[in-house]
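Visitor: My file is query18.cif. It has mmCIF, C-alpha atoms, pLDDT in the B column; chains and numbers go by the auth columns:
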data_start
loop_
_atom_site.group_PDB
_atom_site.id
_atom_site.type_symbol
_atom_site.label_atom_id
_atom_site.label_comp_id
_atom_site.label_asym_id
_atom_site.label_seq_id
_atom_site.Cartn_x
_atom_site.Cartn_y
_atom_site.Cartn_z
_atom_site.B_iso_or_equiv
_atom_site.auth_seq_id
_atom_site.auth_asym_id
ATOM 1 C CA GLN A 1 20.030 14.306 49.541 87.00 1 E
ATOM 2 C CA VAL A 2 21.564 16.527 46.899 89.00 2 E
ATOM 3 C CA GLN A 3 19.109 17.423 44.172 95.00 3 E
ATOM 4 C CA LEU A 4 19.161 19.813 41.234 97.00 4 E
ATOM 5 C CA VAL A 5 16.032 20.712 39.310 97.00 5 E
ATOM 6 C CA GLU A 6 16.128 22.709 36.098 97.00 6 E
ATOM 7 C CA SER A 7 13.194 24.604 34.693 97.00 7 E
ATOM 8 C CA GLY A 8 12.443 27.357 32.208 98.00 8 E
ATOM 9 C CA GLY A 9 13.096 25.639 28.908 97.00 9 E
ATOM 10 C CA GLY A 10 10.757 25.851 25.968 97.00 10 E
ATOM 11 C CA LEU A 11 10.299 26.884 22.369 98.00 11 E
ATOM 12 C CA VAL A 12 11.464 30.336 21.339 98.00 12 E
ATOM 13 C CA GLN A 13 11.975 32.104 18.035 98.00 13 E
ATOM 14 C CA PRO A 14 15.457 33.139 16.863 98.00 14 E
ATOM 15 C CA GLY A 15 16.474 36.324 18.626 98.00 15 E
ATOM 16 C CA GLY A 16 14.307 35.517 21.607 98.00 16 E
ATOM 17 C CA SER A 17 15.163 35.026 25.263 98.00 17 E
ATOM 18 C CA LEU A 18 14.703 32.425 27.956 98.00 18 E
ATOM 19 C CA ARG A 19 15.690 32.205 31.580 98.00 19 E
ATOM 20 C CA LEU A 20 16.619 28.826 32.980 98.00 20 E
ATOM 21 C CA SER A 21 16.705 28.108 36.670 98.00 21 E
ATOM 22 C CA CYS A 22 18.599 25.493 38.631 97.00 22 E
ATOM 23 C CA ALA A 23 17.110 24.970 42.064 97.00 23 E
ATOM 24 C CA ALA A 24 19.361 23.189 44.522 96.00 24 E
ATOM 25 C CA SER A 25 18.271 21.257 47.584 94.00 25 E
ATOM 26 C CA GLY A 26 20.100 19.187 50.134 93.00 26 E
ATOM 27 C CA PHE A 27 23.131 21.463 50.150 91.00 27 E
ATOM 28 C CA SER A 28 24.070 25.118 50.230 88.00 28 E
ATOM 29 C CA LEU A 29 25.356 26.775 47.084 89.00 29 E
ATOM 30 C CA ALA A 30 27.966 28.674 49.089 89.00 30 E
ATOM 31 C CA THR A 31 30.692 26.026 48.757 91.00 31 E
ATOM 32 C CA TYR A 32 29.763 24.730 45.330 95.00 32 E
ATOM 33 C CA ALA A 33 30.233 25.640 41.717 96.00 33 E
ATOM 34 C CA ILE A 34 27.214 25.344 39.473 97.00 34 E
ATOM 35 C CA GLY A 35 27.808 24.629 35.835 97.00 35 E
ATOM 36 C CA TRP A 36 25.446 24.684 32.901 98.00 36 E
ATOM 37 C CA PHE A 37 25.926 22.236 30.074 98.00 37 E
ATOM 38 C CA ARG A 38 23.982 21.493 26.944 98.00 38 E
ATOM 39 C CA GLN A 39 23.720 18.516 24.686 98.00 39 E
ATOM 40 C CA ALA A 40 22.226 18.422 21.213 97.00 40 E
ATOM 41 C CA PRO A 41 21.313 15.119 19.546 93.00 41 E
ATOM 42 C CA GLY A 42 24.395 13.275 18.350 95.00 42 E
ATOM 43 C CA GLN A 43 26.756 15.742 19.988 96.00 43 E
ATOM 44 C CA GLU A 44 28.897 15.722 23.092 96.00 44 E
ATOM 45 C CA ARG A 45 27.861 17.550 26.211 97.00 45 E
ATOM 46 C CA GLU A 46 29.180 21.105 25.996 97.00 46 E
ATOM 47 C CA GLY A 47 30.047 23.433 28.847 97.00 47 E
ATOM 48 C CA VAL A 48 28.007 26.626 28.581 98.00 48 E
ATOM 49 C CA SER A 49 28.692 28.528 31.756 98.00 49 E
ATOM 50 C CA CYS A 50 29.710 28.169 35.375 98.00 50 E
ATOM 51 C CA ILE A 51 29.601 30.156 38.580 96.00 51 E
ATOM 52 C CA ASN A 52 32.028 29.445 41.375 96.00 52 E
ATOM 53 C CA ASN A 53 30.033 30.421 44.441 92.00 53 E
ATOM 54 C CA VAL A 54 33.134 30.363 46.631 93.00 54 E
ATOM 55 C CA ASN A 55 34.813 33.298 44.902 92.00 55 E
ATOM 56 C CA GLY A 56 31.981 34.588 42.723 91.00 56 E
ATOM 57 C CA ARG A 57 33.793 34.059 39.432 95.00 57 E
ATOM 58 C CA THR A 58 31.777 33.256 36.346 96.00 58 E
ATOM 59 C CA TYR A 59 32.858 31.534 33.175 97.00 59 E
ATOM 60 C CA TYR A 60 31.255 31.382 29.743 98.00 60 E
ATOM 61 C CA GLY A 61 31.842 29.324 26.651 97.00 61 E
ATOM 62 C CA ASP A 62 32.915 31.226 23.553 97.00 62 E
ATOM 63 C CA SER A 63 29.681 30.441 21.757 96.00 63 E
ATOM 64 C CA VAL A 64 27.539 32.156 24.405 97.00 64 E
ATOM 65 C CA LYS A 65 29.715 35.040 25.628 97.00 65 E
ATOM 66 C CA GLY A 66 27.830 38.297 25.488 97.00 66 E
ATOM 67 C CA ARG A 67 24.469 36.535 25.173 98.00 67 E
ATOM 68 C CA PHE A 68 24.158 34.413 28.330 98.00 68 E
ATOM 69 C CA THR A 69 24.406 35.685 31.895 97.00 69 E
ATOM 70 C CA LEU A 70 24.514 33.838 35.203 95.00 70 E
ATOM 71 C CA ALA A 71 22.935 35.050 38.400 93.00 71 E
ATOM 72 C CA ARG A 72 22.701 33.552 41.861 91.00 72 E
ATOM 73 C CA ASP A 73 19.867 33.809 44.337 91.00 73 E
ATOM 74 C CA ASP A 74 21.080 32.727 47.763 85.00 74 E
ATOM 75 C CA ALA A 75 17.682 33.077 49.388 88.00 75 E
ATOM 76 C CA ARG A 76 16.237 30.570 46.941 91.00 76 E
ATOM 77 C CA ASN A 77 19.390 28.449 46.635 93.00 77 E
ATOM 78 C CA THR A 78 18.974 28.882 42.910 96.00 78 E
ATOM 79 C CA VAL A 79 21.182 29.782 39.956 96.00 79 E
ATOM 80 C CA TRP A 80 19.680 31.453 36.906 97.00 80 E
ATOM 81 C CA LEU A 81 20.918 31.376 33.339 98.00 81 E
ATOM 82 C CA GLN A 82 19.564 34.284 31.344 98.00 82 E
ATOM 83 C CA MET A 83 19.829 33.573 27.619 98.00 83 E
ATOM 84 C CA GLU A 84 19.466 36.368 25.083 98.00 84 E
ATOM 85 C CA ASN A 85 19.506 36.491 21.275 98.00 85 E
ATOM 86 C CA LEU A 86 18.966 32.751 21.060 98.00 86 E
ATOM 87 C CA GLN A 87 19.808 31.064 17.783 98.00 87 E
ATOM 88 C CA PRO A 88 18.883 27.676 16.298 97.00 88 E
ATOM 89 C CA GLU A 89 22.337 26.355 17.199 97.00 89 E
ATOM 90 C CA ASP A 90 21.466 26.903 20.855 98.00 90 E
ATOM 91 C CA THR A 91 18.852 24.152 20.603 98.00 91 E
ATOM 92 C CA ALA A 92 19.740 21.407 23.084 98.00 92 E
ATOM 93 C CA VAL A 93 18.872 19.855 26.396 98.00 93 E
ATOM 94 C CA TYR A 94 20.338 22.084 29.090 98.00 94 E
ATOM 95 C CA TYR A 95 21.625 20.599 32.324 98.00 95 E
ATOM 96 C CA CYS A 96 22.892 22.123 35.511 97.00 96 E
ATOM 97 C CA ALA A 97 25.501 20.372 37.595 98.00 97 E
ATOM 98 C CA ALA A 98 27.195 20.907 40.933 97.00 98 E
ATOM 99 C CA LEU A 99 30.655 20.313 42.259 96.00 99 E
ATOM 100 C CA GLN A 100 31.968 21.043 45.725 95.00 100 E
ATOM 101 C CA VAL A 101 34.880 23.414 45.332 95.00 101 E
ATOM 102 C CA SER A 102 38.076 22.239 47.027 94.00 102 E
ATOM 103 C CA GLY A 103 40.622 23.748 44.657 92.00 103 E
ATOM 104 C CA PRO A 104 41.132 24.550 40.976 93.00 104 E
ATOM 105 C CA PHE A 105 38.827 22.839 38.528 95.00 105 E
ATOM 106 C CA LEU A 106 38.147 22.767 34.816 96.00 106 E
ATOM 107 C CA TRP A 107 34.642 24.157 34.662 97.00 107 E
ATOM 108 C CA GLY A 108 33.857 22.927 31.163 96.00 108 E
ATOM 109 C CA LEU A 109 34.529 19.239 31.798 97.00 109 E
ATOM 110 C CA PRO A 110 31.436 17.230 32.739 96.00 110 E
ATOM 111 C CA HIS A 111 33.380 14.694 34.786 96.00 111 E
ATOM 112 C CA GLU A 112 34.388 17.429 37.245 96.00 112 E
ATOM 113 C CA TYR A 113 30.817 17.568 38.510 97.00 113 E
ATOM 114 C CA ASP A 114 29.270 15.258 41.077 94.00 114 E
ATOM 115 C CA HIS A 115 25.575 15.994 40.785 96.00 115 E
ATOM 116 C CA TRP A 116 23.327 16.598 37.803 98.00 116 E
ATOM 117 C CA GLY A 117 19.802 17.713 37.147 97.00 117 E
ATOM 118 C CA GLN A 118 17.421 15.990 34.784 97.00 118 E
ATOM 119 C CA GLY A 119 17.715 18.603 32.030 97.00 119 E
ATOM 120 C CA THR A 120 15.337 20.996 30.320 98.00 120 E
ATOM 121 C CA GLN A 121 14.759 21.252 26.580 98.00 121 E
ATOM 122 C CA VAL A 122 15.466 24.506 24.774 98.00 122 E
ATOM 123 C CA THR A 123 14.330 24.719 21.172 98.00 123 E
ATOM 124 C CA VAL A 124 15.041 27.744 19.005 98.00 124 E
ATOM 125 C CA SER A 125 13.029 27.693 15.825 97.00 125 E
ATOM 126 C CA SER A 126 10.833 29.898 13.693 95.00 126 E
#
Starting from the file, give its structure as structure tokens.

Guide:
Amino acid sequence: QVQLVESGGGLVQPGGSLRLSCAASGFSLATYAIGWFRQAPGQEREGVSCINNVNGRTYYGDSVKGRFTLARDDARNTVWLQMENLQPEDTAVYYCAALQVSGPFLWGLPHEYDHWGQGTQVTVSS
């Protein structure tokens, strides 16, 4: 059974850092892309970042480029999202999602993904 579990969210002051993890079970990351999305109250789900584990390419939304970094841990079947210089506008529930790569895909579109985690809250506030 495919399962994704996020962790690492919390409350942080502006300028602070957090590292989110997305632990996968029931499948190997090797043939999947893992995307991170976020959703603030009253807003649409927004693509934050994605790693295509087939070719190693990473993608970042404009609002997080230079601040967020993806990393993959094959031994733990886990993808990490390191978030630096967090700002209040980064406050949202963060989700990871998985899609099995079979060709080109639009990484920032939620409907491309087949499996979702339950989400973890990130709050940036002083």

Visitor: Determine the nearest neighbour of Thr123 (chain E) from the options E:Ser63, E:Gln3, E:Ser17, E:Asn77, counting all atoms listed in the file.

Guide: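 Counting all atoms listed in the file, the residue closest to Thr123 (chain E) is E:Ser17.
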
Visitor: Tell me which protein, DNA and RNA residues are within 12 Å of Gly26 (chain E), counting all atoms listed in the file, leaving out same-chain ones fewer than 5 positions away, and put them as a list in words.

Guide: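 Contacts, with the query itself left out: Gln1, Val2, Gln3, Leu4, Val5, Asn77, Ala98 and His115 of chain E.
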
Visitor: Kindly resolve the PyMOL selection byres ((chain E and resi 105-111) around 12) on the present coordinates and return the residues as a PyMOL selection string.

Guide: chain E and resi 32-39+44-52+57-62+95-104+112-116

Visitor: So what does the PyMOL selection byres ((chain E and resi 9) around 8) actually pick up in this one, as a list in words?

Guide: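 Evaluating the PyMOL selection byres ((chain E and resi 9) around 8) on this file yields Ser7, Gly8, Gly10, Leu11, Leu18, Arg19, Leu20, Thr120, Gln121, Val122 and Thr123 of chain E.
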
Visitor: Run the PyMOL selection byres ((chain E and resi 82) around 7) mentally over the shown coordinates, then write out the matched residues as a VMD selection string, using the chain letters and numbers from the document.

Guide: chain E and resid 18 to 20 68 to 70 80 to 81 83 to 84
